[in-house]
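*Asks:* As input, take entry.txt (compact mmCIF, C-alpha atoms):
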```txt
# COMPACT_ATOMS: atom_id res chain seq x y z
CA MET Y 292 24.58 -8.74 -3.17
CA CYS Y 293 21.52 -6.66 -2.43
CA LEU Y 294 18.20 -8.10 -1.26
CA THR Y 295 15.06 -6.03 -1.79
CA GLY Y 296 11.33 -6.59 -1.46
CA MET Y 297 8.19 -4.96 -0.10
CA PRO Y 298 7.32 -5.31 3.62
CA GLY Y 299 6.22 -8.86 4.40
CA SER Y 300 7.55 -10.34 1.15
CA GLY Y 301 10.02 -12.62 3.00
CA LYS Y 302 13.33 -10.75 3.19
CA THR Y 303 14.09 -11.84 6.75
CA THR Y 304 13.44 -15.51 5.99
CA ILE Y 305 15.66 -15.36 2.90
CA SER Y 306 18.40 -13.71 4.98
CA GLU Y 307 18.23 -16.57 7.48
CA ILE Y 308 18.58 -19.13 4.69
CA VAL Y 309 21.50 -17.18 3.20
CA LYS Y 310 23.21 -16.97 6.62
CA GLU Y 311 22.95 -20.77 6.86
CA MET Y 312 24.83 -20.89 3.54
CA GLY Y 313 27.68 -19.12 5.34
CA ILE Y 314 27.16 -15.72 3.71
CA PRO Y 315 27.22 -12.76 6.15
CA VAL Y 316 24.09 -10.56 6.12
CA ILE Y 317 23.78 -6.85 6.92
CA VAL Y 318 20.22 -5.60 7.58
CA MET Y 319 19.65 -1.97 6.51
CA GLY Y 320 16.52 -1.64 8.67
CA ASP Y 321 18.66 -2.48 11.72
CA VAL Y 322 20.61 0.73 11.15
CA VAL Y 323 17.37 2.71 11.48
CA ARG Y 324 16.21 0.60 14.46
CA GLU Y 325 19.61 1.08 16.17
CA GLU Y 326 19.33 4.83 15.67
CA ALA Y 327 15.79 4.76 17.13
CA ARG Y 328 17.10 2.89 20.18
CA ILE Y 329 19.93 5.39 20.68
CA ARG Y 330 17.46 8.27 20.46
CA GLY Y 331 14.93 6.54 22.71
CA ILE Y 332 12.25 6.49 20.00
CA GLU Y 333 9.58 3.77 20.15
CA PRO Y 334 9.98 1.58 17.01
CA THR Y 335 6.44 1.91 15.59
CA PRO Y 336 6.09 1.84 11.78
CA LYS Y 337 5.28 5.55 11.80
CA ASN Y 338 8.26 6.50 13.98
CA LEU Y 339 10.73 4.35 12.03
CA GLY Y 340 9.39 5.71 8.75
CA LYS Y 341 9.74 9.28 9.98
CA LEU Y 342 13.24 8.62 11.34
CA MET Y 343 14.29 7.02 8.03
CA ILE Y 344 13.08 10.13 6.14
CA GLU Y 345 14.67 12.48 8.70
CA LEU Y 346 18.04 10.69 8.51
CA ARG Y 347 17.93 10.87 4.71
CA GLU Y 348 16.94 14.55 4.64
CA LYS Y 349 19.53 15.68 7.17
CA MET Y 350 22.40 13.41 6.24
CA GLY Y 351 21.78 12.60 2.56
CA ALA Y 352 19.80 9.92 0.69
CA ASN Y 353 22.65 7.44 1.08
CA VAL Y 354 23.30 7.81 4.81
CA ILE Y 355 22.05 4.29 5.63
CA ALA Y 356 23.90 2.72 2.69
CA LYS Y 357 27.10 4.46 3.75
CA ARG Y 358 26.85 3.05 7.27
CA CYS Y 359 26.37 -0.40 5.72
CA VAL Y 360 29.44 0.06 3.51
CA ASP Y 361 31.48 0.63 6.70
CA LYS Y 362 30.08 -2.64 8.07
CA ILE Y 363 30.86 -4.47 4.80
CA LYS Y 364 34.49 -3.32 4.98
CA GLU Y 365 34.77 -4.55 8.58
CA LEU Y 366 33.47 -8.00 7.54
CA ASN Y 367 36.25 -8.48 4.98
CA SER Y 368 34.21 -11.21 3.23
CA LYS Y 369 34.20 -11.89 -0.52
CA ILE Y 370 30.41 -12.06 -0.62
CA VAL Y 371 28.01 -10.11 1.61
CA LEU Y 372 24.23 -9.82 1.45
CA VAL Y 373 22.71 -6.43 2.29
CA GLU Y 374 19.05 -6.86 3.19
CA GLY Y 375 16.53 -4.07 2.63
CA VAL Y 376 17.99 -1.94 -0.16
CA ARG Y 377 15.34 0.67 -1.04
CA SER Y 378 16.66 2.92 -3.82
CA LEU Y 379 18.88 2.89 -6.90
CA GLU Y 380 21.03 5.56 -5.20
CA GLU Y 381 21.78 3.01 -2.46
CA VAL Y 382 22.62 0.37 -5.08
CA GLU Y 383 25.06 2.87 -6.63
CA GLU Y 384 26.66 3.38 -3.20
CA PHE Y 385 27.33 -0.37 -2.96
CA ARG Y 386 28.58 -0.50 -6.58
CA LYS Y 387 31.40 1.84 -5.49
CA VAL Y 388 32.89 -0.94 -3.34
CA GLY Y 389 32.25 -4.02 -5.48
CA ASP Y 390 30.10 -5.98 -7.92
CA VAL Y 391 26.41 -5.85 -7.07
CA LYS Y 392 23.66 -8.31 -7.93
CA ILE Y 393 20.11 -7.34 -7.00
CA VAL Y 394 17.87 -10.12 -5.70
CA ALA Y 395 14.19 -9.22 -5.23
CA VAL Y 396 11.49 -11.19 -3.46
CA HIS Y 397 7.84 -10.73 -4.41
CA SER Y 398 4.53 -11.61 -2.79
CA SER Y 399 1.11 -10.15 -3.58
CA PRO Y 400 -0.21 -7.35 -1.31
CA LYS Y 401 -2.87 -9.78 0.00
CA THR Y 402 -0.24 -12.38 1.01
CA ARG Y 403 2.05 -9.74 2.54
CA TYR Y 404 -0.76 -8.22 4.59
CA GLU Y 405 -1.82 -11.59 5.96
CA ARG Y 406 1.79 -12.41 6.84
CA LEU Y 407 2.46 -9.08 8.59
CA SER Y 408 -0.81 -9.32 10.53
CA ARG Y 409 0.34 -12.71 11.85
CA ARG Y 410 3.92 -11.52 12.53
CA GLY Y 411 3.03 -8.54 14.69
CA ARG Y 412 6.53 -7.04 14.99
CA SER Y 413 6.45 -3.63 16.72
CA ASP Y 414 6.75 -1.83 13.40
CA ASP Y 415 4.16 -3.96 11.58
CA PRO Y 416 0.91 -2.38 10.38
CA LYS Y 417 -2.28 -2.80 12.40
CA SER Y 418 -4.76 -2.27 9.53
CA TRP Y 419 -5.06 -2.49 5.73
CA GLU Y 420 -4.83 1.34 5.62
CA GLU Y 421 -1.63 1.42 7.69
CA PHE Y 422 -0.29 -1.38 5.46
CA GLY Y 423 -1.04 0.64 2.31
CA GLU Y 424 0.58 3.75 3.80
CA ARG Y 425 3.73 1.82 4.65
CA ASP Y 426 3.87 0.40 1.12
CA LEU Y 427 3.61 3.89 -0.37
CA ARG Y 428 6.29 5.20 2.00
CA GLU Y 429 8.66 2.47 0.80
CA LEU Y 430 7.73 3.14 -2.83
CA ASP Y 431 8.34 6.88 -2.35
CA VAL Y 432 11.94 6.09 -1.32
CA GLY Y 433 12.31 4.22 -4.62
CA ILE Y 434 12.07 0.52 -3.71
CA GLY Y 435 9.91 -0.17 -6.79
CA ARG Y 436 12.79 0.86 -9.04
CA VAL Y 437 15.17 -1.57 -7.35
CA ILE Y 438 12.65 -4.44 -7.52
CA SER Y 439 11.96 -3.76 -11.22
CA LEU Y 440 15.66 -3.84 -12.09
CA ALA Y 441 16.42 -7.02 -10.09
CA ASP Y 442 18.87 -9.53 -11.57
CA GLU Y 443 17.01 -12.33 -9.81
CA MET Y 444 13.36 -12.46 -8.73
CA ILE Y 445 12.11 -14.91 -6.11
CA ILE Y 446 8.35 -15.41 -5.85
CA ASN Y 447 7.22 -16.18 -2.30
CA GLU Y 448 3.62 -17.34 -2.40
CA GLY Y 449 4.07 -20.97 -1.32
CA THR Y 450 5.49 -22.85 1.65
CA LEU Y 451 8.69 -22.19 3.57
CA GLU Y 452 10.15 -25.24 1.81
CA ASP Y 453 9.42 -23.66 -1.61
CA LEU Y 454 11.10 -20.44 -0.50
CA LYS Y 455 14.13 -22.33 0.79
CA LYS Y 456 14.47 -24.25 -2.48
CA ASN Y 457 14.19 -21.12 -4.63
CA THR Y 458 16.55 -19.13 -2.41
CA LEU Y 459 19.26 -21.81 -2.51
CA LYS Y 460 18.88 -22.07 -6.30
CA VAL Y 461 19.21 -18.31 -6.84
CA PHE Y 462 22.09 -17.74 -4.40
CA ARG Y 463 24.05 -20.79 -5.58
CA LYS Y 464 23.76 -19.42 -9.12
CA VAL Y 465 24.91 -15.95 -8.06
CA ILE Y 466 27.87 -17.39 -6.11
CA GLN Y 467 28.78 -19.68 -9.02
CA ASN Y 468 28.80 -16.78 -11.50
CA ASP Y 469 30.86 -14.75 -9.08
CA LYS Y 470 33.51 -17.48 -8.98
CA GLY Y 471 33.43 -18.07 -12.75
CA MET W 52 -6.84 -7.18 -15.57
CA CYS W 53 -3.72 -5.08 -15.96
CA LEU W 54 -0.43 -6.38 -17.35
CA THR W 55 2.75 -4.53 -16.49
CA GLY W 56 6.46 -5.13 -16.94
CA MET W 57 9.66 -3.40 -17.97
CA PRO W 58 10.52 -3.09 -21.71
CA GLY W 59 11.53 -6.47 -23.11
CA SER W 60 10.14 -8.47 -20.18
CA GLY W 61 7.62 -10.30 -22.38
CA LYS W 62 4.36 -8.34 -22.22
CA THR W 63 3.57 -8.75 -25.92
CA THR W 64 4.12 -12.52 -25.83
CA ILE W 65 1.89 -12.85 -22.75
CA SER W 66 -0.79 -10.78 -24.50
CA GLU W 67 -0.70 -13.15 -27.47
CA ILE W 68 -1.14 -16.17 -25.19
CA VAL W 69 -4.00 -14.42 -23.37
CA LYS W 70 -5.70 -13.55 -26.68
CA GLU W 71 -5.54 -17.25 -27.62
CA MET W 72 -7.43 -17.93 -24.37
CA GLY W 73 -10.24 -15.78 -25.81
CA ILE W 74 -9.62 -12.74 -23.60
CA PRO W 75 -9.59 -9.38 -25.46
CA VAL W 76 -6.39 -7.31 -25.05
CA ILE W 77 -5.96 -3.53 -25.17
CA VAL W 78 -2.37 -2.29 -25.61
CA MET W 79 -1.70 1.06 -23.92
CA GLY W 80 1.44 1.69 -25.99
CA ASP W 81 -0.71 1.47 -29.13
CA VAL W 82 -2.57 4.59 -27.99
CA VAL W 83 0.73 6.50 -27.98
CA ARG W 84 1.83 4.91 -31.28
CA GLU W 85 -1.55 5.80 -32.88
CA GLU W 86 -1.16 9.40 -31.71
CA ALA W 87 2.38 9.51 -33.17
CA ARG W 88 1.04 8.24 -36.51
CA ILE W 89 -1.73 10.86 -36.54
CA ARG W 90 0.81 13.60 -35.81
CA GLY W 91 3.32 12.24 -38.34
CA ILE W 92 5.99 11.61 -35.69
CA GLU W 93 8.59 8.89 -36.32
CA PRO W 94 8.11 6.18 -33.63
CA THR W 95 11.65 6.13 -32.19
CA PRO W 96 11.98 5.36 -28.44
CA LYS W 97 12.90 9.00 -27.79
CA ASN W 98 9.96 10.42 -29.76
CA LEU W 99 7.42 8.04 -28.24
CA GLY W 100 8.79 8.75 -24.76
CA LYS W 101 8.55 12.49 -25.35
CA LEU W 102 5.03 12.18 -26.78
CA MET W 103 3.93 10.06 -23.80
CA ILE W 104 5.22 12.72 -21.40
CA GLU W 105 3.70 15.54 -23.49
CA LEU W 106 0.28 13.84 -23.61
CA ARG W 107 0.38 13.34 -19.84
CA GLU W 108 1.48 16.92 -19.13
CA LYS W 109 -1.07 18.56 -21.42
CA MET W 110 -4.01 16.23 -20.90
CA GLY W 111 -3.41 14.75 -17.43
CA ALA W 112 -1.53 11.74 -16.06
CA ASN W 113 -4.43 9.44 -16.89
CA VAL W 114 -5.07 10.49 -20.49
CA ILE W 115 -3.92 7.14 -21.93
CA ALA W 116 -5.82 5.12 -19.30
CA LYS W 117 -8.98 7.13 -20.03
CA ARG W 118 -8.75 6.35 -23.76
CA CYS W 119 -8.36 2.68 -22.82
CA VAL W 120 -11.43 2.82 -20.57
CA ASP W 121 -13.45 4.00 -23.60
CA LYS W 122 -12.13 1.00 -25.54
CA ILE W 123 -12.98 -1.36 -22.64
CA LYS W 124 -16.57 -0.11 -22.59
CA GLU W 125 -16.88 -0.65 -26.36
CA LEU W 126 -15.69 -4.27 -25.97
CA ASN W 127 -18.48 -5.13 -23.52
CA SER W 128 -16.53 -8.21 -22.30
CA LYS W 129 -16.54 -9.55 -18.73
CA ILE W 130 -12.75 -9.82 -18.65
CA VAL W 131 -10.30 -7.58 -20.51
CA LEU W 132 -6.51 -7.41 -20.31
CA VAL W 133 -4.89 -3.97 -20.54
CA GLU W 134 -1.24 -4.35 -21.51
CA GLY W 135 1.36 -1.77 -20.50
CA VAL W 136 -0.05 -0.14 -17.35
CA ARG W 137 2.67 2.20 -16.03
CA SER W 138 1.41 3.96 -12.89
CA LEU W 139 -0.81 3.46 -9.85
CA GLU W 140 -2.89 6.44 -11.05
CA GLU W 141 -3.71 4.44 -14.20
CA VAL W 142 -4.62 1.41 -12.09
CA GLU W 143 -7.01 3.65 -10.11
CA GLU W 144 -8.58 4.81 -13.38
CA PHE W 145 -9.35 1.18 -14.29
CA ARG W 146 -10.61 0.46 -10.75
CA LYS W 147 -13.37 3.03 -11.41
CA VAL W 148 -14.93 0.72 -14.01
CA GLY W 149 -14.38 -2.71 -12.42
CA ASP W 150 -12.29 -5.14 -10.39
CA VAL W 151 -8.59 -4.96 -11.22
CA LYS W 152 -5.93 -7.61 -10.83
CA ILE W 153 -2.34 -6.60 -11.58
CA VAL W 154 -0.18 -9.17 -13.36
CA ALA W 155 3.53 -8.30 -13.67
CA VAL W 156 6.18 -10.01 -15.77
CA HIS W 157 9.84 -9.83 -14.75
CA SER W 158 13.12 -10.51 -16.53
CA SER W 159 16.58 -9.32 -15.51
CA PRO W 160 17.97 -6.21 -17.23
CA LYS W 161 20.56 -8.43 -18.98
CA THR W 162 17.87 -10.73 -20.41
CA ARG W 163 15.67 -7.80 -21.45
CA TYR W 164 18.51 -6.02 -23.20
CA GLU W 165 19.48 -9.13 -25.17
CA ARG W 166 15.84 -9.65 -26.16
CA LEU W 167 15.28 -6.06 -27.26
CA SER W 168 18.53 -6.05 -29.25
CA ARG W 169 17.29 -9.09 -31.14
CA ARG W 170 13.75 -7.71 -31.61
CA GLY W 171 14.73 -4.43 -33.23
CA ARG W 172 11.28 -2.79 -33.23
CA SER W 173 11.48 0.86 -34.32
CA ASP W 174 11.23 2.06 -30.72
CA ASP W 175 13.75 -0.45 -29.32
CA PRO W 176 17.04 0.81 -27.87
CA LYS W 177 20.22 0.67 -29.93
CA SER W 178 22.69 0.60 -27.03
CA TRP W 179 22.98 -0.29 -23.31
CA GLU W 180 22.87 3.45 -22.55
CA GLU W 181 19.67 3.99 -24.55
CA PHE W 182 18.25 0.88 -22.85
CA GLY W 183 19.07 2.29 -19.39
CA GLU W 184 17.54 5.66 -20.30
CA ARG W 185 14.34 4.02 -21.45
CA ASP W 186 14.15 1.98 -18.23
CA LEU W 187 14.51 5.15 -16.16
CA ARG W 188 11.87 6.95 -18.26
CA GLU W 189 9.42 4.12 -17.54
CA LEU W 190 10.36 4.09 -13.84
CA ASP W 191 9.85 7.87 -13.67
CA VAL W 192 6.25 7.39 -14.81
CA GLY W 193 5.82 4.97 -11.89
CA ILE W 194 5.95 1.49 -13.44
CA GLY W 195 8.08 0.19 -10.54
CA ARG W 196 5.22 0.88 -8.13
CA VAL W 197 2.77 -1.13 -10.21
CA ILE W 198 5.22 -4.05 -10.56
CA SER W 199 5.91 -4.06 -6.80
CA LEU W 200 2.20 -4.20 -5.96
CA ALA W 201 1.35 -6.94 -8.49
CA ASP W 202 -1.17 -9.60 -7.47
CA GLU W 203 0.62 -12.09 -9.71
CA MET W 204 4.26 -12.14 -10.80
CA ILE W 205 5.45 -14.12 -13.83
CA ILE W 206 9.19 -14.68 -14.17
CA ASN W 207 10.30 -14.84 -17.80
CA GLU W 208 13.86 -16.11 -17.93
CA GLY W 209 13.30 -19.47 -19.66
CA THR W 210 11.84 -20.73 -22.91
CA LEU W 211 8.65 -19.65 -24.67
CA GLU W 212 7.10 -22.92 -23.48
CA ASP W 213 7.87 -22.00 -19.84
CA LEU W 214 6.30 -18.59 -20.34
CA LYS W 215 3.21 -20.11 -21.94
CA LYS W 216 2.82 -22.60 -19.08
CA ASN W 217 3.18 -19.91 -16.39
CA THR W 218 0.88 -17.48 -18.21
CA LEU W 219 -1.89 -20.06 -18.59
CA LYS W 220 -1.54 -21.00 -14.90
CA VAL W 221 -1.77 -17.40 -13.70
CA PHE W 222 -4.62 -16.32 -15.98
CA ARG W 223 -6.66 -19.47 -15.39
CA LYS W 224 -6.36 -18.77 -11.65
CA VAL W 225 -7.40 -15.14 -12.08
CA ILE W 226 -10.40 -16.14 -14.25
CA GLN W 227 -11.38 -18.88 -11.80
CA ASN W 228 -11.32 -16.45 -8.85
CA ASP W 229 -13.32 -13.97 -10.89
CA LYS W 230 -16.03 -16.58 -11.46
CA GLY W 231 -15.97 -17.83 -7.85
```
Would you put the structure from the file into structure tokens?

*Replies:*
Amino acid sequence: MCLTGMPGSGKTTISEIVKEMGIPVIVMGDVVREEARIRGIEPTPKNLGKLMIELREKMGANVIAKRCVDKIKELNSKIVLVEGVRSLEEVEEFRKVGDVKIVAVHSSPKTRYERLSRRGRSDDPKSWEEFGERDLRELDVGIGRVISLADEMIINEGTLEDLKKNTLKVFRKVIQNDKG
Amino acid sequence: MCLTGMPGSGKTTISEIVKEMGIPVIVMGDVVREEARIRGIEPTPKNLGKLMIELREKMGANVIAKRCVDKIKELNSKIVLVEGVRSLEEVEEFRKVGDVKIVAVHSSPKTRYERLSRRGRSDDPKSWEEFGERDLRELDVGIGRVISLADEMIINEGTLEDLKKNTLKVFRKVIQNDKG
């Protein structure tokens, strides 16, 4: 399964809920963050964005997906969630090794900005302008196409309890269909 | 207000509900269909897609939005819904003449395909391949970016009653905020 969504929409929280369900989770952004650590690059939004584009340009659009496929194979689990899928080319890469369902999470730009401002992770935007730039960078990679073609859409505008309820509902359904 | 969504997601039904609320609706696709009629072109999905691209190439990416802005001005209404917004450039065009809220409607590709197959409008796809091609054509224009940045997301996977309930909830909220 692939999980996609704009920055601050709630991907990390959904991943935590899914992990609690016993499903292993691979985070695509971690591959970029790992690479930044190896190269000694400070993980600011700008640096990570640049590194993501550099990796893609030098090693192909699917370089991050390919590294995740290696991790999926190591896990040897029937169901895996890959968090942070950003393009249809990446989805295709995962389709080569199994059935893929796309789950998208959506929050309004206003909600996402407020959330990211509170979160303050090193790569989170410091202003509305930086937030807009990051959104456009993600959209340039093709994340909007993945969101628009999602098999399941989770709206995250309410409480954590609401998100938990909706996430369990969606993932139980996906698992059920997979067994059927 | 702008309404966006992939083909078969339920834009037309939402527009009907919104019209019943007394809000005037302008359909962007009608501008392309009108132009096809004037030129004597048969309104197949392929022809309308080609014409849309031709209009944009010859007269600018915002040609359809600009024609809609003229229609909005004629209406002289405080709130107008523009159905079928497909790019952020179009959204910007509407922002020039007033406040814009983006409402997106989402259904899974499977649901949308089943719906379109049943609908059988002249420009509806005849096969899964034609359906996929039309999706990609819309995504190439930039519809995925507009969906991903929506202020409100309506999920349309249930009954018509569900859709009506959700639509009224979302549009009442938008109108309320507009008055506040």

*Asks:* When you draw a straight line from CA of Thr295 in chain Y to CA of Glu144 in chain W, how long is it in Å?

*Replies:*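 One can read the CA of Thr295 in chain Y to CA of Glu144 in chain W distance as 28.5 Å.
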
*Asks:* Need the neighbours of (9.1, -8.5, -21.8): which residues are at most 12 Å away, counting only C-alpha atoms, as a short mmCIF file (atom, residue, chain, number, x, y, z; two decimals) with C-alpha atoms, keeping the file's coordinate frame?

*Replies:*
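Result went into result-v1.cif, see below:
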```cif
data_model
loop_
_atom_site.label_atom_id
_atom_site.label_comp_id
_atom_site.auth_asym_id
_atom_site.auth_seq_id
_atom_site.Cartn_x
_atom_site.Cartn_y
_atom_site.Cartn_z
CA SER Y 439 11.96 -3.76 -11.22
CA LEU W 54 -0.43 -6.38 -17.35
CA THR W 55 2.75 -4.53 -16.49
CA GLY W 56 6.46 -5.13 -16.94
CA MET W 57 9.66 -3.40 -17.97
CA PRO W 58 10.52 -3.09 -21.71
CA GLY W 59 11.53 -6.47 -23.11
CA SER W 60 10.14 -8.47 -20.18
CA GLY W 61 7.62 -10.30 -22.38
CA LYS W 62 4.36 -8.34 -22.22
CA THR W 63 3.57 -8.75 -25.92
CA THR W 64 4.12 -12.52 -25.83
CA ILE W 65 1.89 -12.85 -22.75
CA SER W 66 -0.79 -10.78 -24.50
CA GLU W 134 -1.24 -4.35 -21.51
CA GLY W 135 1.36 -1.77 -20.50
CA ALA W 155 3.53 -8.30 -13.67
CA VAL W 156 6.18 -10.01 -15.77
CA HIS W 157 9.84 -9.83 -14.75
CA SER W 158 13.12 -10.51 -16.53
CA SER W 159 16.58 -9.32 -15.51
CA PRO W 160 17.97 -6.21 -17.23
CA LYS W 161 20.56 -8.43 -18.98
CA THR W 162 17.87 -10.73 -20.41
CA ARG W 163 15.67 -7.80 -21.45
CA TYR W 164 18.51 -6.02 -23.20
CA GLU W 165 19.48 -9.13 -25.17
CA ARG W 166 15.84 -9.65 -26.16
CA LEU W 167 15.28 -6.06 -27.26
CA ARG W 170 13.75 -7.71 -31.61
CA ASP W 175 13.75 -0.45 -29.32
CA ILE W 205 5.45 -14.12 -13.83
CA ILE W 206 9.19 -14.68 -14.17
CA ASN W 207 10.30 -14.84 -17.80
CA GLU W 208 13.86 -16.11 -17.93
CA GLY W 209 13.30 -19.47 -19.66
CA LEU W 211 8.65 -19.65 -24.67
CA LEU W 214 6.30 -18.59 -20.34
#
```

*Asks:* Residues of chain W near chain Y: apply a cut-off of 7 Å, count only C-alpha atoms, and supply the list as a list in words.

*Replies:*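 Here they are: Ser159, Pro160, Leu190, Gly195, Arg196, Ile198, Ser199, Leu200, Ala201, Asp202 and Glu203 of chain W.
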
*Asks:* Using all atoms listed in the file, can you tell me which of W:Arg172, W:Ala112, W:Cys53, W:Gly91 comes closest to Val76 in chain W?

*Replies:*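 Among the listed residues, W:Cys53 lies closest to Val76 in chain W.
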
*Asks:* Have a look at CA of Val322 in chain Y and CA of Leu372 in chain Y and let me know their distance in Å, one decimal.

*Replies:*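 Calculated distance between CA of Val322 in chain Y and CA of Leu372 in chain Y is 14.8 Å.
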
*Asks:* Write out as a ChimeraX atom specification the residues lying within 10 Å of Pro96 in chain W, counting all atoms listed in the file and excluding same-chain residues fewer than 6 positions away.

*Replies:* /W:102,172-177,181-182,184-185

*Asks:* Could you please determine the separation between CA of Pro75 in chain W and CA of Ile130 in chain W in Å, to one decimal place?

*Replies:*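 Straight-line distance from CA of Pro75 in chain W to CA of Ile130 in chain W works out to 7.5 Å.
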
*Asks:* Considering only C-alpha atoms, can you say which of W:Val136, W:Glu141, W:Arg90, W:Asp81 comes closest to Gly111 in chain W?

*Replies:*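 Result for the nearest residue to Gly111 in chain W: W:Glu141.
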